[in-house]
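One file, model22.tsv, carrying TSV, C-alpha atoms and all ligand atoms:
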chain	number	residue	atom	x	y	z
A	1	MET	CA	-2.50	-19.71	16.15
A	2	GLY	CA	0.45	-19.42	18.57
A	3	PRO	CA	0.53	-16.67	21.18
A	4	ARG	CA	0.73	-13.12	19.85
A	5	ALA	CA	4.15	-11.54	20.40
A	6	ILE	CA	3.93	-8.90	23.11
A	7	LEU	CA	6.67	-6.32	23.32
A	8	PRO	CA	7.37	-4.51	26.60
A	9	GLU	CA	6.40	-0.83	26.34
A	10	GLY	CA	9.13	1.43	24.94
A	11	GLU	CA	11.15	-1.43	23.42
A	12	PRO	CA	12.03	-1.02	19.73
A	13	PRO	CA	9.68	-3.14	17.58
A	14	ILE	CA	12.29	-3.73	14.86
A	15	VAL	CA	15.99	-4.39	15.50
A	16	VAL	CA	18.32	-5.38	12.66
A	17	GLU	CA	21.92	-6.23	13.53
A	18	GLY	CA	24.88	-7.09	11.33
A	19	LEU	CA	22.72	-7.90	8.31
A	20	VAL	CA	24.50	-9.37	5.28
A	21	ASN	CA	22.68	-10.08	2.00
A	22	ARG	CA	24.44	-11.38	-1.08
A	23	PHE	CA	23.21	-12.48	-4.48
A	24	GLY	CA	26.06	-14.53	-5.96
A	25	ASP	CA	29.14	-12.29	-5.90
A	26	PHE	CA	27.04	-9.17	-5.45
A	27	THR	CA	26.82	-7.86	-1.90
A	28	VAL	CA	23.72	-5.76	-1.19
A	29	HIS	CA	24.15	-5.40	2.60
A	30	GLU	CA	27.29	-5.81	4.67
A	31	GLY	CA	26.90	-5.32	8.42
A	32	LEU	CA	23.68	-3.29	8.25
A	33	ASP	CA	22.23	-2.17	11.61
A	34	LEU	CA	18.88	-0.45	12.10
A	35	THR	CA	16.56	0.11	15.04
A	36	VAL	CA	12.99	1.32	14.53
A	37	GLN	CA	11.45	3.10	17.53
A	38	PRO	CA	7.89	2.44	18.72
A	39	GLY	CA	5.24	4.70	17.21
A	40	GLU	CA	7.49	6.37	14.66
A	41	ILE	CA	7.22	6.70	10.92
A	42	LEU	CA	10.71	5.82	9.75
A	43	GLY	CA	11.44	6.85	6.18
A	44	VAL	CA	14.02	4.65	4.41
A	45	VAL	CA	15.87	6.28	1.53
A	46	GLY	CA	18.83	5.48	-0.70
A	47	GLY	CA	19.73	5.39	-4.36
A	48	SER	CA	18.12	2.84	-6.67
A	49	GLY	CA	19.38	-0.66	-6.00
A	50	THR	CA	20.90	0.13	-2.60
A	51	GLY	CA	18.80	-2.61	-1.02
A	52	LYS	CA	15.78	-0.90	0.57
A	53	SER	CA	13.31	-3.54	-0.61
A	54	VAL	CA	15.73	-6.37	0.22
A	55	LEU	CA	15.98	-4.91	3.74
A	56	MET	CA	12.19	-4.84	4.07
A	57	ARG	CA	11.96	-8.40	2.77
A	58	SER	CA	14.61	-9.48	5.31
A	59	ILE	CA	12.62	-7.92	8.14
A	60	ILE	CA	9.39	-9.66	7.17
A	61	GLY	CA	11.10	-12.99	6.61
A	62	LEU	CA	10.80	-13.17	2.80
A	63	GLN	CA	14.55	-12.92	2.29
A	64	HIS	CA	16.96	-15.20	4.12
A	65	PRO	CA	20.08	-13.17	4.91
A	66	ASN	CA	23.59	-14.61	4.70
A	67	ALA	CA	24.33	-13.33	8.20
A	68	GLY	CA	22.97	-11.08	10.92
A	69	THR	CA	19.80	-11.07	12.96
A	70	VAL	CA	16.39	-9.47	12.73
A	71	HIS	CA	14.07	-9.17	15.71
A	72	VAL	CA	10.49	-8.02	15.26
A	73	LEU	CA	8.36	-7.38	18.35
A	74	GLY	CA	11.08	-9.11	20.33
A	75	ARG	CA	11.01	-12.32	18.28
A	76	GLU	CA	13.85	-13.60	16.10
A	77	ILE	CA	12.85	-13.70	12.43
A	78	THR	CA	16.01	-14.90	10.69
A	79	GLY	CA	16.26	-18.63	10.19
A	80	VAL	CA	12.91	-19.27	11.89
A	81	ASP	CA	10.18	-21.27	10.15
A	82	PRO	CA	7.35	-18.84	9.22
A	83	ASP	CA	4.84	-21.21	10.83
A	84	GLU	CA	6.59	-20.71	14.15
A	85	ASN	CA	6.30	-16.97	13.79
A	86	ILE	CA	2.59	-16.62	13.19
A	87	GLY	CA	2.27	-14.68	16.47
A	88	VAL	CA	4.45	-11.95	14.92
A	89	ARG	CA	3.41	-12.24	11.28
A	90	CYS	CA	-0.21	-11.52	12.18
A	91	GLN	CA	0.92	-8.21	13.65
A	92	TRP	CA	2.37	-6.64	10.56
A	93	GLY	CA	0.76	-5.43	7.37
A	94	VAL	CA	2.61	-4.87	4.11
A	95	LEU	CA	1.85	-2.67	1.14
A	96	PHE	CA	4.15	-3.87	-1.65
A	97	GLN	CA	5.17	-1.71	-4.59
A	98	GLY	CA	2.22	-1.51	-6.99
A	99	GLY	CA	-0.21	-2.91	-4.41
A	100	ALA	CA	0.37	-6.61	-5.31
A	101	LEU	CA	-3.36	-7.32	-5.34
A	102	PHE	CA	-4.75	-10.65	-6.57
A	103	SER	CA	-6.18	-9.73	-9.97
A	104	THR	CA	-8.91	-12.39	-9.94
A	105	LEU	CA	-10.32	-11.26	-6.58
A	106	THR	CA	-12.41	-8.17	-5.84
A	107	VAL	CA	-11.07	-5.51	-3.48
A	108	GLY	CA	-13.17	-6.92	-0.64
A	109	GLU	CA	-11.95	-10.47	-1.33
A	110	ASN	CA	-8.35	-9.24	-1.42
A	111	VAL	CA	-8.77	-7.71	2.03
A	112	GLU	CA	-10.30	-10.95	3.28
A	113	VAL	CA	-7.23	-13.02	2.23
A	114	PRO	CA	-5.13	-12.41	5.37
A	115	LEU	CA	-8.21	-12.82	7.56
A	116	LYS	CA	-8.87	-16.24	6.02
A	117	GLN	CA	-5.20	-17.19	6.32
A	118	PHE	CA	-4.69	-16.21	9.96
A	119	TYR	CA	-8.22	-16.51	11.38
A	120	PRO	CA	-9.93	-19.28	9.35
A	121	GLU	CA	-12.48	-19.75	12.12
A	122	ILE	CA	-14.03	-16.29	11.63
A	123	ASP	CA	-17.59	-16.36	10.37
A	124	PRO	CA	-17.70	-15.32	6.65
A	125	SER	CA	-20.23	-12.53	7.25
A	126	LEU	CA	-18.06	-11.04	10.03
A	127	ARG	CA	-15.05	-11.34	7.71
A	128	ARG	CA	-16.91	-9.39	5.02
A	129	ASP	CA	-17.85	-6.71	7.59
A	130	ILE	CA	-14.22	-6.37	8.70
A	131	ALA	CA	-13.11	-6.07	5.07
A	132	ARG	CA	-15.76	-3.39	4.43
A	133	TYR	CA	-14.54	-1.44	7.45
A	134	LYS	CA	-10.89	-1.61	6.33
A	135	VAL	CA	-11.83	-0.48	2.81
A	136	GLN	CA	-13.64	2.52	4.32
A	137	MET	CA	-10.69	3.26	6.58
A	138	SER	CA	-8.42	3.41	3.54
A	139	GLY	CA	-10.54	6.13	2.04
A	140	LEU	CA	-12.05	4.13	-0.81
A	141	PRO	CA	-15.67	4.71	-1.84
A	142	GLU	CA	-18.24	2.11	-0.76
A	143	ASP	CA	-18.65	0.64	-4.25
A	144	ALA	CA	-14.90	-0.09	-4.60
A	145	ILE	CA	-15.33	-3.21	-2.50
A	146	ALA	CA	-16.91	-5.15	-5.39
A	147	LYS	CA	-14.45	-3.97	-8.03
A	148	PHE	CA	-11.54	-5.89	-9.48
A	149	PRO	CA	-8.02	-4.39	-9.40
A	150	SER	CA	-8.14	-3.81	-13.19
A	151	GLU	CA	-11.10	-1.43	-12.63
A	152	LEU	CA	-9.16	0.78	-10.19
A	153	SER	CA	-6.90	3.78	-10.73
A	154	GLY	CA	-3.29	3.59	-9.47
A	155	GLY	CA	-4.19	5.57	-6.35
A	156	MET	CA	-7.18	3.35	-5.61
A	157	LYS	CA	-5.03	0.22	-5.99
A	158	LYS	CA	-2.65	1.60	-3.36
A	159	ARG	CA	-5.57	2.25	-1.02
A	160	ALA	CA	-6.90	-1.26	-1.63
A	161	GLY	CA	-3.42	-2.63	-0.84
A	162	LEU	CA	-3.42	-0.51	2.30
A	163	ALA	CA	-6.83	-1.87	3.31
A	164	ARG	CA	-5.43	-5.39	2.97
A	165	ALA	CA	-2.33	-4.41	4.97
A	166	LEU	CA	-4.64	-3.19	7.77
A	167	ALA	CA	-6.84	-6.30	7.70
A	168	LEU	CA	-5.36	-7.89	10.82
A	169	ASP	CA	-5.17	-4.69	12.95
A	170	PRO	CA	-1.38	-4.69	12.70
A	171	LYS	CA	1.03	-2.97	15.06
A	172	LEU	CA	3.58	-2.52	12.27
A	173	LEU	CA	2.96	-1.23	8.79
A	174	PHE	CA	5.48	-1.69	5.95
A	175	LEU	CA	5.01	0.57	2.95
A	176	ASP	CA	7.21	0.15	-0.13
A	177	GLU	CA	7.11	3.36	-2.19
A	178	PRO	CA	3.43	4.06	-1.47
A	179	THR	CA	3.29	7.35	-3.40
A	180	ALA	CA	5.28	6.23	-6.47
A	181	GLY	CA	3.23	6.88	-9.59
A	182	LEU	CA	0.64	9.06	-7.85
A	183	ASP	CA	-0.01	12.64	-8.90
A	184	PRO	CA	1.16	15.21	-6.30
A	185	ILE	CA	-2.36	15.75	-4.89
A	186	GLY	CA	-3.00	12.01	-4.62
A	187	ALA	CA	0.42	11.53	-3.04
A	188	ALA	CA	-0.22	14.27	-0.44
A	189	LYS	CA	-3.60	12.69	0.40
A	190	PHE	CA	-1.99	9.28	0.81
A	191	ASP	CA	0.64	10.83	3.11
A	192	ARG	CA	-2.06	12.41	5.28
A	193	LEU	CA	-3.91	9.10	5.47
A	194	THR	CA	-0.72	7.29	6.55
A	195	LYS	CA	-0.13	9.85	9.30
A	196	GLU	CA	-3.75	9.75	10.49
A	197	LEU	CA	-3.72	5.95	10.62
A	198	LYS	CA	-0.42	5.96	12.49
A	199	GLU	CA	-1.84	8.34	15.07
A	200	THR	CA	-5.29	6.78	15.50
A	201	LEU	CA	-4.12	3.17	15.45
A	202	GLY	CA	-0.80	3.69	17.23
A	203	LEU	CA	1.15	2.10	14.38
A	204	THR	CA	4.89	1.98	13.82
A	205	VAL	CA	5.58	2.55	10.12
A	206	PHE	CA	8.57	1.44	8.01
A	207	LEU	CA	8.26	3.48	4.84
A	208	ILE	CA	10.52	3.12	1.80
A	209	THR	CA	10.29	6.17	-0.40
A	210	HIS	CA	11.96	8.37	-3.00
A	211	ASP	CA	9.41	11.09	-2.28
A	212	LEU	CA	11.06	14.03	-0.53
A	213	ASP	CA	7.67	15.62	0.26
A	214	THR	CA	6.67	12.45	2.12
A	215	LEU	CA	9.86	12.64	4.19
A	216	TYR	CA	9.25	16.26	5.13
A	217	GLU	CA	5.53	15.91	5.78
A	218	ILE	CA	5.14	12.69	7.74
A	219	CYS	CA	8.42	10.99	8.69
A	220	ASP	CA	9.64	11.28	12.27
A	221	ARG	CA	13.12	10.05	11.29
A	222	VAL	CA	14.87	9.01	8.12
A	223	ALA	CA	17.36	6.16	7.61
A	224	VAL	CA	19.76	6.49	4.69
A	225	ILE	CA	21.18	3.40	2.98
A	226	ALA	CA	24.40	3.71	0.99
A	227	ASP	CA	27.64	1.75	0.72
A	228	ARG	CA	25.79	-1.47	1.72
A	229	HIS	CA	24.62	-0.29	5.14
A	230	VAL	CA	22.64	2.38	6.99
A	231	ILE	CA	24.99	5.36	6.94
A	232	ALA	CA	22.79	7.69	8.99
A	233	VAL	CA	19.49	7.77	10.87
A	234	GLY	CA	17.93	10.91	12.27
A	235	THR	CA	15.45	13.71	11.90
A	236	ILE	CA	15.72	15.78	8.74
A	237	PRO	CA	17.35	18.72	10.58
A	238	GLU	CA	19.94	16.24	11.89
A	239	LEU	CA	20.56	14.82	8.42
A	240	LEU	CA	20.89	18.31	6.95
A	241	GLU	CA	24.01	18.65	9.11
A	242	SER	CA	25.56	15.55	7.53
A	243	GLU	CA	28.61	15.96	5.37
A	244	HIS	CA	28.17	12.64	3.59
A	245	PRO	CA	28.10	13.57	-0.13
A	246	TRP	CA	24.99	11.52	-1.00
A	247	ILE	CA	22.99	12.88	1.93
A	248	HIS	CA	24.13	16.41	1.23
A	249	GLU	CA	23.19	16.18	-2.45
A	250	TYR	CA	19.88	14.46	-1.67
A	251	PHE	CA	18.61	17.12	0.71
A	252	ASN	CA	20.32	20.13	-0.87
A	253	GLY	CA	19.85	19.35	-4.58
A	254	PRO	CA	17.05	21.15	-6.46
A	255	ARG	CA	14.35	18.65	-5.46
A	256	GLY	CA	15.47	18.57	-1.85
A	257	ARG	CA	15.37	22.35	-1.64
A	258	ALA	CA	11.95	22.51	-3.33
A	259	ALA	CA	10.51	20.00	-0.83
A	260	ARG	CA	11.99	21.96	2.07
A	261	ASP	CA	10.55	25.26	0.74
A	262	THR	CA	7.09	23.72	0.33
A	263	HIS	CA	7.28	22.31	3.84
A	264	ASP	CA	8.50	25.62	5.34
A	265	ARG	CA	5.72	27.55	3.57
A	266	GLY	CA	3.14	25.08	4.95
A	267	GLU	CA	4.52	25.53	8.48
A	268	MET	CA	4.36	29.34	8.10
A	269	ASP	CA	0.73	29.18	6.92
A	270	LEU	CA	-0.09	26.93	9.88
A	271	HIS	CA	1.60	29.05	12.55
A	272	GLY	CA	1.08	32.51	11.00
B	301	LIG	N1	16.12	-12.09	-5.83
B	301	LIG	C1	17.17	-11.38	-6.27
B	301	LIG	N2	18.14	-11.96	-6.99
B	301	LIG	C2	19.22	-11.28	-7.43
B	301	LIG	N3	19.43	-9.96	-7.17
B	301	LIG	C3	18.49	-9.33	-6.46
B	301	LIG	C4	17.32	-10.00	-5.97
B	301	LIG	N4	16.57	-9.10	-5.28
B	301	LIG	C5	17.24	-7.93	-5.34
B	301	LIG	N5	18.38	-8.06	-6.05
B	301	LIG	C6	19.37	-7.01	-6.30
B	301	LIG	O1	19.68	-6.40	-5.06
B	301	LIG	C7	19.85	-4.99	-5.23
B	301	LIG	C8	18.94	-4.24	-4.27
B	301	LIG	O2	17.61	-4.40	-4.71
B	301	LIG	P1	16.40	-3.64	-4.02
B	301	LIG	O3	15.17	-3.98	-4.79
B	301	LIG	O4	16.39	-3.88	-2.56
B	301	LIG	O5	16.80	-2.11	-4.27
B	301	LIG	P2	16.02	-0.80	-3.85
B	301	LIG	O6	16.94	0.01	-3.02
B	301	LIG	O7	14.72	-1.14	-3.25
B	301	LIG	O8	15.86	-0.10	-5.29
B	301	LIG	P3	14.72	0.83	-5.93
B	301	LIG	O9	14.81	2.15	-5.21
B	301	LIG	O10	15.14	0.95	-7.36
B	301	LIG	O11	13.39	0.15	-5.75
B	301	LIG	C9	19.58	-4.70	-6.69
B	301	LIG	O12	20.81	-4.62	-7.36
B	301	LIG	C10	18.80	-5.89	-7.17
B	301	LIG	O13	19.02	-6.14	-8.53

Take the structure in the file and give it back as structure tokens.
Ligand SMILES: Nc1ncnc2c1ncn2[C@@H]1O[C@H](COP(=O)(O)OP(=O)(O)OP(=O)(O)O)[C@@H](O)[C@H]1O
Amino acid sequence: MGPRAILPEGEPPIVVEGLVNRFGDFTVHEGLDLTVQPGEILGVVGGSGTGKSVLMRSIIGLQHPNAGTVHVLGREITGVDPDENIGVRCQWGVLFQGGALFSTLTVGENVEVPLKQFYPEIDPSLRRDIARYKVQMSGLPEDAIAKFPSELSGGMKKRAGLARALALDPKLLFLDEPTAGLDPIGAAKFDRLTKELKETLGLTVFLITHDLDTLYEICDRVAVIADRHVIAVGTIPELLESEHPWIHEYFNGPRGRAARDTHDRGEMDLHG
């Protein structure tokens, strides 16, 4: 494998500039800029179809933009052969919507996939131990390791996907709607796990979500996509000041207010 990308301390690990993505005549992004700061959980929100997943795919090199640049850990991603970027690709983990597990492999084998791909020289028994450790870290019971995805609940599939995303000890974690489809208790547990992992492992997290509770509970900042670009990035109190109609409606509509009330009550319980 090529040398691992090393970013000078304090430098932003993800920088997107002037991104343009088109599908035929349809423009998803036009001049989109976004900087993700080290060690933050950045929530990415926007209406359905505004291009959140396409943005994530552009950052991890699965989508080739029509224009613009993406730098991850200081390395250019756009237009670069994935084989030349192994030193960066081994430093991110991705949880796709729905988990995207291989249905014919057990949970443990799924977690071993990136280890085999990036570190084929690792001894199989060590690889199994690493997979076991990542499964534990993701809060799955011991016996989940031998199960197939079809034997898991939705929440367990997400945790298995998370275990696979953590397989390579990444610096960056990409989560695409991790709490979608989970019941509120399962979603809150997943949020806590994300925050704990971020803090203990020093991760930077790019988190696409529609879940207002997730934004309030764990995101350091939120980026809002509308009108084909990032229209605002900031803390929730900063965004609450925004006069943009979509942002105003999002945070001040019934669901936005309910999430804020729940959060405020939790803070009051915590601080008396
Ligand atoms: N491979 C593709 N070919 C054609 N159109 C695409 C492709 N991928 C995405 N799109 C279109 O680009 C737009 C943005 O899609 P994307 O999945 O990024 O939206 P999103 O913001 O993540 O939406 P949601 O919140 O519903 O998941 C959509 O209109 C989608 O249909």

As a PyMOL selection string, please: the residues near segment 14-30 of chain A (cut-off 6 Å, all atoms listed in the file, same-chain neighbours under 3 positions excluded).
chain A and resi 33-36+51+65-72+228-229

Selection above as a file: C-alpha atoms, as a PDB file, in the frame of the given file:
ATOM      1  CA  ASP A  33      22.230  -2.170  11.610  1.00  0.00           C
ATOM      2  CA  LEU A  34      18.880  -0.450  12.100  1.00  0.00           C
ATOM      3  CA  THR A  35      16.560   0.110  15.040  1.00  0.00           C
ATOM      4  CA  VAL A  36      12.990   1.320  14.530  1.00  0.00           C
ATOM      5  CA  GLY A  51      18.800  -2.610  -1.020  1.00  0.00           C
ATOM      6  CA  PRO A  65      20.080 -13.170   4.910  1.00  0.00           C
ATOM      7  CA  ASN A  66      23.590 -14.610   4.700  1.00  0.00           C
ATOM      8  CA  ALA A  67      24.330 -13.330   8.200  1.00  0.00           C
ATOM      9  CA  GLY A  68      22.970 -11.080  10.920  1.00  0.00           C
ATOM     10  CA  THR A  69      19.800 -11.070  12.960  1.00  0.00           C
ATOM     11  CA  VAL A  70      16.390  -9.470  12.730  1.00  0.00           C
ATOM     12  CA  HIS A  71      14.070  -9.170  15.710  1.00  0.00           C
ATOM     13  CA  VAL A  72      10.490  -8.020  15.260  1.00  0.00           C
ATOM     14  CA  ARG A 228      25.790  -1.470   1.720  1.00  0.00           C
ATOM     15  CA  HIS A 229      24.620  -0.290   5.140  1.00  0.00           C
TER      16      HIS A 229
END

Atom CA of Gly99 of chain A to atom CA of Ser153 of chain A, straight-line distance in Å:
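Computing the Euclidean distance for atom CA of Ser153 of chain A and atom CA of Gly99 of chain A yields 11.4 Å.
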
Expected answer as a list in words: residues within 7 Å of ligand LIG 301 (chain B), all atoms listed in the file:
Phe23, Val28, Gly46, Gly47, Ser48, Gly49, Thr50, Gly51, Lys52, Ser53, Val54 and Leu55 of chain A

Could you state the separation of atom CA of Pro13 of chain A and atom CA of Leu168 of chain A in Å, given to one decimal place?
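These atoms are spaced 17.2 Å apart.
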
Calculated over only C-alpha atoms, which of the candidates A:Leu203, A:Ile41, A:Ala160, A:Leu62 has the smallest distance to Glu142 of chain A?
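That would be A:Ala160, the residue with the smallest distance to Glu142 of chain A.
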
Which residue gives the smallest distance to Leu166 of chain A among A:Thr179, A:Thr214, A:Thr235, A:Asn110, with all atoms listed in the file counted?
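Checking each of A:Thr179, A:Thr214, A:Thr235, A:Asn110 against Leu166 of chain A, counting all atoms listed in the file, the winner is A:Asn110.
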
Could you tell me how far atom CA of Leu240 of chain A lies from atom CA of Glu177 of chain A, in Å and to one decimal?
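Atom-to-atom, atom CA of Leu240 of chain A and atom CA of Glu177 of chain A are spaced 22.3 Å apart.
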
Here is a test: counting only C-alpha atoms, which residue of A:Gly61, A:Gln97, A:His210, A:Ala258 is nearest to Pro82 of chain A?
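Result for the nearest residue to Pro82 of chain A: A:Gly61.
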
Would you mind listing what lies within 9 Å of Val135 of chain A as a list of chain:residue names, with all atoms listed in the file counted and same-chain residues fewer than 4 positions away left out?
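Contacts, in chain order: A:Val107, A:Gly108, A:Val111, A:Ile130, A:Ala131, A:Gly139, A:Leu140, A:Pro141, A:Glu142, A:Ala144, A:Ile145, A:Arg159, A:Ala160, A:Leu162, A:Ala163, A:Arg164.
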
Spatial neighbours of Glu217 of chain A, 10 Å, only C-alpha atoms, chain gap at least 6 places, as a count of residues only:
9

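The nearest approach to Gly10 of chain A among the residues A:Thr204, A:His64, A:Tyr119, A:Glu76, with all atoms listed in the file taken into account, belongs to A:Thr204.
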
Given all atoms listed in the file as the basis, pick out the residue of A:Ala180, A:Val44, A:Ala223, A:Met137 nearest to Phe96 of chain A.
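Under the stated criterion, the closest residue is A:Ala180.
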
Between A:Ala146, A:Cys90, A:Leu212, A:Ala167, smallest distance to Pro184 of chain A by all atoms listed in the file belongs to A:Leu212

Pull segment 163-226 of chain A out of the block and emit C-alpha atoms, as a PDB file, in the first residue's frame.
ATOM      1  CA  ALA A 163     -18.410  -2.356  12.557  1.00  0.00           C
ATOM      2  CA  ARG A 164     -17.325  -2.768   8.937  1.00  0.00           C
ATOM      3  CA  ALA A 165     -16.867   1.010   8.588  1.00  0.00           C
ATOM      4  CA  LEU A 166     -14.553   0.913  11.628  1.00  0.00           C
ATOM      5  CA  ALA A 167     -12.560  -2.089  10.392  1.00  0.00           C
ATOM      6  CA  LEU A 168      -9.529  -0.098   9.253  1.00  0.00           C
ATOM      7  CA  ASP A 169      -9.339   2.273  12.271  1.00  0.00           C
ATOM      8  CA  PRO A 170     -10.477   5.188  10.109  1.00  0.00           C
ATOM      9  CA  LYS A 171      -9.908   8.866  10.824  1.00  0.00           C
ATOM     10  CA  LEU A 172     -13.096   9.805   8.951  1.00  0.00           C
ATOM     11  CA  LEU A 173     -16.487   8.221   9.279  1.00  0.00           C
ATOM     12  CA  PHE A 174     -19.261   8.757   6.699  1.00  0.00           C
ATOM     13  CA  LEU A 175     -22.767   7.897   7.847  1.00  0.00           C
ATOM     14  CA  ASP A 176     -25.686   8.082   5.397  1.00  0.00           C
ATOM     15  CA  GLU A 177     -28.950   8.314   7.356  1.00  0.00           C
ATOM     16  CA  PRO A 178     -27.792   5.970  10.140  1.00  0.00           C
ATOM     17  CA  THR A 179     -30.978   6.270  12.219  1.00  0.00           C
ATOM     18  CA  ALA A 180     -33.495   6.015   9.357  1.00  0.00           C
ATOM     19  CA  GLY A 181     -35.937   3.211  10.072  1.00  0.00           C
ATOM     20  CA  LEU A 182     -34.898   2.788  13.714  1.00  0.00           C
ATOM     21  CA  ASP A 183     -37.365   3.189  16.566  1.00  0.00           C
ATOM     22  CA  PRO A 184     -36.713   6.311  18.691  1.00  0.00           C
ATOM     23  CA  ILE A 185     -34.945   4.360  21.462  1.00  0.00           C
ATOM     24  CA  GLY A 186     -32.742   2.503  18.968  1.00  0.00           C
ATOM     25  CA  ALA A 187     -32.008   5.779  17.175  1.00  0.00           C
ATOM     26  CA  ALA A 188     -30.998   7.520  20.433  1.00  0.00           C
ATOM     27  CA  LYS A 189     -28.711   4.588  21.302  1.00  0.00           C
ATOM     28  CA  PHE A 190     -27.103   4.733  17.873  1.00  0.00           C
ATOM     29  CA  ASP A 191     -26.561   8.486  18.310  1.00  0.00           C
ATOM     30  CA  ARG A 192     -24.853   7.941  21.665  1.00  0.00           C
ATOM     31  CA  LEU A 193     -22.637   5.259  20.163  1.00  0.00           C
ATOM     32  CA  THR A 194     -21.622   7.590  17.310  1.00  0.00           C
ATOM     33  CA  LYS A 195     -20.702  10.317  19.787  1.00  0.00           C
ATOM     34  CA  GLU A 196     -18.773   7.930  22.054  1.00  0.00           C
ATOM     35  CA  LEU A 197     -16.824   6.533  19.104  1.00  0.00           C
ATOM     36  CA  LYS A 198     -16.059  10.018  17.843  1.00  0.00           C
ATOM     37  CA  GLU A 199     -14.711  10.999  21.244  1.00  0.00           C
ATOM     38  CA  THR A 200     -12.756   7.832  22.048  1.00  0.00           C
ATOM     39  CA  LEU A 201     -11.322   7.326  18.568  1.00  0.00           C
ATOM     40  CA  GLY A 202     -10.888  11.000  17.665  1.00  0.00           C
ATOM     41  CA  LEU A 203     -12.982  10.635  14.517  1.00  0.00           C
ATOM     42  CA  THR A 204     -14.297  13.318  12.204  1.00  0.00           C
ATOM     43  CA  VAL A 205     -17.848  12.397  11.180  1.00  0.00           C
ATOM     44  CA  PHE A 206     -19.809  13.393   8.046  1.00  0.00           C
ATOM     45  CA  LEU A 207     -23.382  12.494   8.887  1.00  0.00           C
ATOM     46  CA  ILE A 208     -26.304  12.765   6.469  1.00  0.00           C
ATOM     47  CA  THR A 209     -29.583  12.769   8.330  1.00  0.00           C
ATOM     48  CA  HIS A 210     -33.235  13.779   8.366  1.00  0.00           C
ATOM     49  CA  ASP A 211     -33.344  13.129  12.113  1.00  0.00           C
ATOM     50  CA  LEU A 212     -33.693  16.400  14.010  1.00  0.00           C
ATOM     51  CA  ASP A 213     -32.986  14.673  17.351  1.00  0.00           C
ATOM     52  CA  THR A 214     -29.641  13.489  15.974  1.00  0.00           C
ATOM     53  CA  LEU A 215     -28.774  17.055  14.974  1.00  0.00           C
ATOM     54  CA  TYR A 216     -29.595  18.409  18.408  1.00  0.00           C
ATOM     55  CA  GLU A 217     -27.977  15.603  20.378  1.00  0.00           C
ATOM     56  CA  ILE A 218     -24.671  14.925  18.653  1.00  0.00           C
ATOM     57  CA  CYS A 219     -23.833  17.313  15.796  1.00  0.00           C
ATOM     58  CA  ASP A 220     -21.267  20.041  16.404  1.00  0.00           C
ATOM     59  CA  ARG A 221     -22.339  21.896  13.241  1.00  0.00           C
ATOM     60  CA  VAL A 222     -24.924  21.435  10.532  1.00  0.00           C
ATOM     61  CA  ALA A 223     -24.570  22.072   6.784  1.00  0.00           C
ATOM     62  CA  VAL A 224     -27.758  22.792   4.860  1.00  0.00           C
ATOM     63  CA  ILE A 225     -28.041  21.932   1.163  1.00  0.00           C
ATOM     64  CA  ALA A 226     -30.638  23.722  -0.952  1.00  0.00           C
TER      65      ALA A 226
END
